[in-house]
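One file, query.txt, carrying compact mmCIF, C-alpha atoms:
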# COMPACT_ATOMS: atom_id res chain seq x y z
CA MET B 1 109.75 143.78 231.37
CA ALA B 2 110.58 145.95 228.35
CA MET B 3 114.09 144.67 227.76
CA ASP B 4 115.07 142.30 224.96
CA PHE B 5 117.27 139.27 225.48
CA GLY B 6 120.01 137.73 223.42
CA ILE B 7 121.91 134.50 223.98
CA ILE B 8 125.53 133.51 223.53
CA ALA B 9 125.77 130.45 221.32
CA PRO B 10 127.90 127.72 222.96
CA GLN B 11 130.81 127.56 220.51
CA GLY B 12 133.54 126.20 222.77
CA TRP B 13 135.54 129.30 223.72
CA ARG B 14 134.41 129.11 227.34
CA LEU B 15 134.70 125.32 227.44
CA ASP B 16 130.98 124.88 226.96
CA LEU B 17 131.38 121.98 224.50
CA VAL B 18 134.03 119.96 226.35
CA ASN B 19 131.76 116.97 226.92
CA ILE B 20 131.15 116.54 223.17
CA SER B 21 134.11 114.95 221.41
CA ASP B 22 132.63 114.71 217.91
CA PRO B 23 132.96 118.15 216.22
CA VAL B 24 129.91 117.51 214.04
CA GLU B 25 127.78 116.79 217.10
CA ALA B 26 129.30 119.80 218.84
CA TYR B 27 128.15 122.06 216.03
CA GLU B 28 124.70 120.46 216.10
CA ALA B 29 124.53 121.10 219.85
CA MET B 30 125.40 124.76 219.26
CA THR B 31 122.79 125.29 216.58
CA ARG B 32 120.21 123.33 218.61
CA VAL B 33 120.63 125.84 221.44
CA VAL B 34 120.19 128.77 219.08
CA ARG B 35 117.08 127.31 217.46
CA GLU B 36 115.59 126.64 220.89
CA ALA B 37 116.35 130.22 221.96
CA GLU B 38 114.71 131.48 218.79
CA SER B 39 111.55 129.51 219.55
CA LEU B 40 111.48 130.90 223.11
CA GLY B 41 111.61 134.55 222.09
CA PHE B 42 115.27 135.52 222.39
CA VAL B 43 115.78 138.27 219.82
CA SER B 44 119.46 137.69 219.07
CA THR B 45 122.28 135.18 219.24
CA TRP B 46 125.96 136.05 219.49
CA LEU B 47 129.32 134.35 219.00
CA TYR B 48 132.66 135.23 220.51
CA ASP B 49 135.43 135.98 217.99
CA HIS B 50 138.20 133.84 219.45
CA PHE B 51 140.40 130.95 218.32
CA HIS B 52 141.67 129.46 221.61
CA THR B 53 139.79 128.59 224.78
CA ILE B 54 139.80 130.69 227.92
CA PRO B 55 140.95 130.92 230.73
CA ALA B 56 143.76 128.77 229.33
CA PRO B 57 144.38 127.68 225.71
CA MET B 58 143.45 124.00 225.42
CA GLN B 59 143.02 121.39 222.71
CA GLU B 60 139.25 121.80 222.78
CA ILE B 61 136.68 122.65 220.12
CA THR B 62 136.34 126.38 219.43
CA PHE B 63 134.29 127.15 216.33
CA GLU B 64 135.38 130.14 214.23
CA CYS B 65 133.02 133.07 214.63
CA TRP B 66 132.17 134.29 211.13
CA THR B 67 131.82 130.95 209.38
CA SER B 68 129.58 129.90 212.26
CA CYS B 69 127.51 133.06 211.81
CA ALA B 70 126.98 132.13 208.17
CA ALA B 71 125.87 128.63 209.14
CA LEU B 72 123.50 129.89 211.83
CA ALA B 73 122.04 132.33 209.31
CA ARG B 74 120.78 129.35 207.33
CA ASP B 75 119.86 127.23 210.37
CA THR B 76 117.49 129.86 211.80
CA GLN B 77 114.61 132.01 210.60
CA GLN B 78 114.00 135.02 212.83
CA ILE B 79 116.70 135.49 215.46
CA ARG B 80 119.28 138.21 214.79
CA ILE B 81 122.93 137.12 214.57
CA GLY B 82 125.92 139.06 215.89
CA GLN B 83 129.48 138.81 217.19
CA MET B 84 130.55 139.64 220.74
CA VAL B 85 132.68 141.13 219.27
CA THR B 86 134.69 140.80 216.05
CA CYS B 87 138.38 141.44 216.70
CA ASN B 88 139.31 144.15 214.22
CA SER B 89 142.88 142.91 213.93
CA TYR B 90 141.95 139.46 212.63
CA ARG B 91 140.48 140.57 209.28
CA ASN B 92 141.06 143.40 206.85
CA PRO B 93 138.12 145.82 207.36
CA ALA B 94 137.18 145.93 203.68
CA LEU B 95 137.05 142.13 203.58
CA LEU B 96 135.07 142.13 206.83
CA ALA B 97 132.54 144.53 205.32
CA LYS B 98 132.19 142.20 202.33
CA MET B 99 131.79 139.16 204.58
CA ALA B 100 129.13 140.92 206.64
CA SER B 101 127.24 141.98 203.52
CA THR B 102 127.16 138.37 202.35
CA VAL B 103 126.00 137.00 205.72
CA ASP B 104 123.33 139.67 205.93
CA VAL B 105 121.90 138.43 202.64
CA LEU B 106 122.20 134.79 203.75
CA SER B 107 120.16 135.66 206.84
CA HIS B 108 117.62 137.73 204.90
CA GLY B 109 118.64 140.84 206.82
CA ARG B 110 119.27 139.61 210.37
CA LEU B 111 122.96 140.41 210.88
CA ILE B 112 124.50 142.76 213.42
CA LEU B 113 128.21 143.48 213.02
CA GLY B 114 129.79 143.71 216.46
CA ILE B 115 133.39 144.94 216.49
CA GLY B 116 136.08 145.91 218.96
CA ALA B 117 139.78 146.70 219.11
CA GLY B 118 140.88 143.21 220.24
CA TRP B 119 142.72 142.19 223.40
CA TYR B 120 143.61 138.45 223.59
CA LYS B 121 147.38 138.70 223.10
CA HIS B 122 147.94 134.95 223.19
CA GLU B 123 145.78 134.46 220.10
CA TYR B 124 147.46 137.28 218.21
CA LEU B 125 150.89 135.76 218.72
CA ALA B 126 149.80 132.16 218.16
CA TYR B 127 148.20 133.02 214.81
CA GLY B 128 151.04 135.27 213.70
CA TYR B 129 149.28 138.64 214.06
CA PRO B 130 151.30 141.61 215.34
CA TYR B 131 150.08 142.76 218.74
CA PRO B 132 150.40 146.56 218.83
CA GLY B 133 149.76 148.68 221.88
CA THR B 134 146.34 149.85 222.98
CA HIS B 135 146.60 153.24 221.26
CA GLU B 136 147.36 151.71 217.87
CA ARG B 137 144.66 149.06 218.18
CA LEU B 138 142.11 151.79 218.89
CA GLN B 139 143.34 153.92 216.00
CA ARG B 140 143.03 150.91 213.72
CA LEU B 141 139.47 150.40 214.96
CA ASN B 142 138.69 154.04 214.19
CA GLU B 143 139.84 153.65 210.59
CA ALA B 144 138.19 150.24 210.21
CA VAL B 145 134.68 151.37 211.14
CA GLN B 146 134.93 154.23 208.66
CA ILE B 147 135.92 151.81 205.91
CA ILE B 148 133.18 149.34 206.82
CA LEU B 149 130.48 152.02 206.72
CA ALA B 150 131.83 153.35 203.43
CA MET B 151 131.78 149.86 201.93
CA TRP B 152 128.12 149.52 202.97
CA THR B 153 126.93 152.91 201.73
CA GLN B 154 129.09 154.07 198.80
CA GLU B 155 129.48 152.68 195.29
CA GLU B 156 133.29 152.89 194.99
CA PRO B 157 134.63 154.25 198.27
CA THR B 158 138.16 155.51 198.76
CA PHE B 159 139.87 155.87 202.12
CA GLU B 160 143.50 156.61 202.92
CA GLY B 161 144.45 156.09 206.53
CA THR B 162 147.58 155.43 208.53
CA TYR B 163 146.84 151.70 208.78
CA TYR B 164 144.21 150.87 206.14
CA SER B 165 143.26 152.09 202.71
CA ILE B 166 140.74 151.28 199.99
CA ARG B 167 140.72 152.61 196.44
CA GLY B 168 137.44 152.33 194.60
CA ALA B 169 136.40 149.12 196.35
CA ILE B 170 133.19 147.60 194.96
CA ASN B 171 131.00 145.73 197.41
CA GLN B 172 127.95 144.06 195.90
CA PRO B 173 125.62 143.09 197.39
CA LYS B 174 125.88 145.54 200.24
CA GLY B 175 123.51 143.51 202.39
CA ALA B 176 119.76 143.23 202.80
CA GLN B 177 119.20 145.86 205.50
CA LYS B 178 118.71 149.55 204.79
CA PRO B 179 120.33 152.00 205.12
CA HIS B 180 122.99 149.47 206.15
CA ILE B 181 123.76 146.58 208.50
CA PRO B 182 123.64 147.71 212.17
CA LEU B 183 127.11 148.36 213.60
CA LEU B 184 127.77 147.61 217.28
CA ILE B 185 131.00 148.77 218.89
CA GLY B 186 131.94 146.91 222.06
CA GLY B 187 133.95 148.29 224.95
CA GLY B 188 133.81 150.95 227.62
CA GLY B 189 136.92 153.03 227.01
CA GLU B 190 135.80 156.53 227.87
CA LYS B 191 138.09 158.65 225.71
CA VAL B 192 138.17 156.69 222.45
CA THR B 193 135.79 153.72 222.29
CA LEU B 194 132.66 155.45 223.57
CA ARG B 195 133.39 158.43 221.34
CA LEU B 196 133.56 156.07 218.36
CA VAL B 197 130.17 154.72 219.44
CA ALA B 198 128.75 158.25 219.43
CA GLN B 199 130.26 158.99 216.03
CA TYR B 200 129.60 155.79 214.11
CA ALA B 201 127.72 153.00 215.90
CA ASP B 202 124.10 151.92 215.93
CA ALA B 203 124.62 150.03 219.20
CA CYS B 204 127.06 149.70 222.07
CA ASN B 205 127.98 146.87 224.41
CA ILE B 206 129.14 147.96 227.84
CA GLY B 207 130.13 145.58 230.62
CA GLY B 208 130.64 145.84 234.34
CA ASP B 209 128.48 146.11 237.42
CA ILE B 210 125.45 148.41 237.60
CA PRO B 211 127.31 151.54 238.84
CA THR B 212 129.92 151.07 236.11
CA ILE B 213 127.28 150.73 233.41
CA LYS B 214 125.49 153.87 234.61
CA HIS B 215 128.74 155.81 234.56
CA LYS B 216 129.73 154.59 231.09
CA LEU B 217 126.32 155.48 229.68
CA ASP B 218 126.65 158.97 231.17
CA VAL B 219 129.99 159.30 229.38
CA LEU B 220 128.38 158.12 226.15
CA LYS B 221 125.65 160.75 226.56
CA GLN B 222 128.31 163.42 226.88
CA HIS B 223 130.06 162.25 223.71
CA CYS B 224 126.73 162.25 221.89
CA GLU B 225 126.12 165.85 222.91
CA GLU B 226 129.59 166.85 221.71
CA VAL B 227 129.21 165.25 218.26
CA GLY B 228 125.55 166.15 217.81
CA ARG B 229 124.21 162.61 218.04
CA ASP B 230 120.86 161.55 219.49
CA TYR B 231 121.81 159.33 222.44
CA ASN B 232 118.51 157.47 222.18
CA SER B 233 119.34 156.39 218.63
CA ILE B 234 122.06 154.10 220.03
CA ARG B 235 120.91 150.66 221.21
CA ARG B 236 122.39 149.94 224.63
CA THR B 237 123.37 146.34 225.36
CA THR B 238 125.37 144.50 227.99
CA LEU B 239 126.85 141.00 228.15
CA ILE B 240 126.30 138.71 231.14
CA ASP B 241 129.07 136.10 230.95
CA TYR B 242 127.67 133.95 233.77
CA CYS B 243 124.01 133.01 234.07
CA ALA B 244 123.11 130.09 236.33
CA ILE B 245 119.42 129.74 237.07
CA ALA B 246 117.69 127.05 239.16
CA SER B 247 114.81 126.53 241.56
CA THR B 248 117.07 127.26 244.54
CA GLU B 249 120.12 129.47 244.93
CA GLU B 250 122.16 126.46 246.04
CA GLU B 251 121.31 124.55 242.86
CA ALA B 252 122.22 127.57 240.73
CA ILE B 253 125.61 127.98 242.41
CA ALA B 254 126.29 124.25 242.00
CA LYS B 255 126.22 124.74 238.22
CA LEU B 256 129.40 126.82 238.40
CA THR B 257 132.88 125.33 238.22
CA PRO B 258 134.88 124.99 241.44
CA ASP B 259 137.02 128.02 240.48
CA GLU B 260 133.91 130.07 239.75
CA ARG B 261 132.35 129.10 243.07
CA GLN B 262 135.56 130.10 244.83
CA ASN B 263 135.33 133.55 243.22
CA LEU B 264 131.58 133.89 243.66
CA ASP B 265 131.74 137.25 245.44
CA GLU B 266 133.59 138.71 242.45
CA LEU B 267 131.20 137.15 239.91
CA LEU B 268 127.89 138.12 241.50
CA PRO B 269 127.91 141.89 240.76
CA GLU B 270 128.19 141.22 237.01
CA SER B 271 126.27 137.93 236.78
CA LEU B 272 122.80 136.41 236.95
CA ILE B 273 123.08 133.61 239.48
CA GLY B 274 120.18 132.37 241.57
CA THR B 275 116.46 131.68 241.47
CA PRO B 276 114.09 133.21 238.90
CA ALA B 277 112.92 135.73 241.50
CA GLN B 278 116.49 136.78 242.30
CA ILE B 279 117.32 137.11 238.63
CA ARG B 280 114.19 139.14 237.88
CA GLU B 281 115.25 141.63 240.50
CA ARG B 282 118.71 141.90 238.94
CA LEU B 283 117.18 142.41 235.49
CA ARG B 284 115.17 145.36 236.81
CA GLU B 285 118.43 146.95 237.94
CA TYR B 286 119.89 146.68 234.44
CA GLU B 287 116.71 148.10 232.93
CA ASP B 288 116.74 151.00 235.39
CA ALA B 289 120.38 151.66 234.46
CA GLY B 290 119.36 152.17 230.83
CA ILE B 291 120.15 148.82 229.25
CA GLN B 292 117.79 147.81 226.43
CA GLU B 293 119.11 144.33 225.62
CA ILE B 294 120.89 141.81 227.83
CA ILE B 295 123.00 139.18 226.11
CA VAL B 296 123.20 136.11 228.31
CA ARG B 297 125.67 133.23 228.41
CA PHE B 298 124.12 130.29 230.22
CA VAL B 299 126.75 128.15 231.90
CA ASP B 300 124.78 125.03 230.98
CA ALA B 301 123.15 126.15 227.73
CA VAL B 302 123.62 122.82 225.96
CA GLN B 303 121.17 121.16 228.37
CA LEU B 304 118.41 123.62 227.30
CA ASP B 305 116.51 123.44 230.62
CA SER B 306 118.01 126.67 231.95
CA ILE B 307 117.16 128.55 228.77
CA ARG B 308 113.57 127.38 229.02
CA MET B 309 113.31 128.34 232.70
CA PHE B 310 114.78 131.77 232.03
CA ALA B 311 112.39 132.41 229.15
CA ARG B 312 109.40 131.21 231.14
CA GLU B 313 110.19 132.95 234.43
CA CYS B 314 112.32 136.00 233.59
CA MET B 315 111.59 137.27 230.09
Spit out the file's structure as structure tokens when you get a sec.
Amino acid sequence: MAMDFGIIAPQGWRLDLVNISDPVEAYEAMTRVVREAESLGFVSTWLYDHFHTIPAPMQEITFECWTSCAALARDTQQIRIGQMVTCNSYRNPALLAKMASTVDVLSHGRLILGIGAGWYKHEYLAYGYPYPGTHERLQRLNEAVQIILAMWTQEEPTFEGTYYSIRGAINQPKGAQKPHIPLLIGGGGEKVTLRLVAQYADACNIGGDIPTIKHKLDVLKQHCEEVGRDYNSIRRTTLIDYCAIASTEEEAIAKLTPDERQNLDELLPESLIGTPAQIRERLREYEDAGIQEIIVRFVDAVQLDSIRMFARECM
């Protein structure tokens, strides 16, 4: 199979570290998963940019995304490191560009900056961030990606927008990768987000079932034609939030939580749940739809066995 595979690092947001009470051991469990994935041939690892757990905020470990990226950059050697995806509202875009440049150097050129408009209202309010409407969040994202790219490519860039501005900002080092760090924009909004992908991004991340992904990629193609962009120059990725693999379908389903099992019919069209043979067939569907890299969250990643089975039987 020609596709590449990435892995979500278990950082706590989806309650994947709840059985580890010691935060030091929880971090070591997270980095152990990433190092194992690296040894098995996963090309990338990704962290969610969230502060509180989901589906409900709980007093459970949730490691911060960007500081964890910096740590993983030094804990690993080959695997690429990205965010699924950075919430634009949580950091000034000029600062974010500087942070990314630093992490890219720390990783010897393995960073991907994933970014999106943000959506988790509870976190915004809990941390004291204003939560504007969708239109404003998207307009802020538009300005932010322009600033980030300018910070990576110009000596003393200046930008005056409605929401953000920079005036002769110096960013040294700009990172290790040339011409700049890859920029991934996440989301499937057809009027704004996918047009931003066509205008500025090196990669996209589009979710949903197979028909939805095909439709969104068709929309992206149209935007590329309108702005004069080569569609094939954009790396096409998708995130699978639920992967449960086992020798039998029953064993795979048993790895889900009771709530997840209750909603299994809703999960299946956007998940990888079942035997290696069943999952291989699903992967072919994503490849046929045009996806080049699948980013997988294993529901039991900390145990490592599922990652090894997936690599051995499906990659």
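Of note, atom CA of B:Pro269 and atom CA of B:Arg282 are spaced 9.4 Å apart.
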Task: Computed interatomic separation between atom CA of B:Glu60 and atom CA of B:Val18 (Å) - done: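 So the two atoms, atom CA of B:Glu60 and atom CA of B:Val18, lie 6.6 Å apart.
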May I have the protein, DNA and RNA residues with any atom at most 12 Å from the point (140.2, 142.3, 208.8), counting all atoms listed in the file, written as a PDB file with C-alpha atoms, keeping the file's coordinate frame?
ATOM      1  CA  TRP B  66     132.170 134.290 211.130  1.00  0.00           C
ATOM      2  CA  THR B  86     134.690 140.800 216.050  1.00  0.00           C
ATOM      3  CA  CYS B  87     138.380 141.440 216.700  1.00  0.00           C
ATOM      4  CA  ASN B  88     139.310 144.150 214.220  1.00  0.00           C
ATOM      5  CA  SER B  89     142.880 142.910 213.930  1.00  0.00           C
ATOM      6  CA  TYR B  90     141.950 139.460 212.630  1.00  0.00           C
ATOM      7  CA  ARG B  91     140.480 140.570 209.280  1.00  0.00           C
ATOM      8  CA  ASN B  92     141.060 143.400 206.850  1.00  0.00           C
ATOM      9  CA  PRO B  93     138.120 145.820 207.360  1.00  0.00           C
ATOM     10  CA  ALA B  94     137.180 145.930 203.680  1.00  0.00           C
ATOM     11  CA  LEU B  95     137.050 142.130 203.580  1.00  0.00           C
ATOM     12  CA  LEU B  96     135.070 142.130 206.830  1.00  0.00           C
ATOM     13  CA  ALA B  97     132.540 144.530 205.320  1.00  0.00           C
ATOM     14  CA  LYS B  98     132.190 142.200 202.330  1.00  0.00           C
ATOM     15  CA  MET B  99     131.790 139.160 204.580  1.00  0.00           C
ATOM     16  CA  ALA B 100     129.130 140.920 206.640  1.00  0.00           C
ATOM     17  CA  ILE B 115     133.390 144.940 216.490  1.00  0.00           C
ATOM     18  CA  GLY B 116     136.080 145.910 218.960  1.00  0.00           C
ATOM     19  CA  ALA B 117     139.780 146.700 219.110  1.00  0.00           C
ATOM     20  CA  GLY B 118     140.880 143.210 220.240  1.00  0.00           C
ATOM     21  CA  TYR B 129     149.280 138.640 214.060  1.00  0.00           C
ATOM     22  CA  ARG B 140     143.030 150.910 213.720  1.00  0.00           C
ATOM     23  CA  LEU B 141     139.470 150.400 214.960  1.00  0.00           C
ATOM     24  CA  GLU B 143     139.840 153.650 210.590  1.00  0.00           C
ATOM     25  CA  ALA B 144     138.190 150.240 210.210  1.00  0.00           C
ATOM     26  CA  VAL B 145     134.680 151.370 211.140  1.00  0.00           C
ATOM     27  CA  ILE B 147     135.920 151.810 205.910  1.00  0.00           C
ATOM     28  CA  ILE B 148     133.180 149.340 206.820  1.00  0.00           C
ATOM     29  CA  TYR B 163     146.840 151.700 208.780  1.00  0.00           C
ATOM     30  CA  TYR B 164     144.210 150.870 206.140  1.00  0.00           C
ATOM     31  CA  SER B 165     143.260 152.090 202.710  1.00  0.00           C
TER      32      SER B 165
END
TODO: One decimal, Å: what's the distance from atom CA of B:Ala201 over to atom CA of B:Gln146, could you say?
DONE: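 So the two atoms, atom CA of B:Ala201 and atom CA of B:Gln146, lie 10.3 Å apart.
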Task: Minimum-distance residue to B:His122, chosen among B:Thr53, B:Gln83, B:Ser68, B:Gln292 (using only C-alpha atoms) - done: B:Thr53
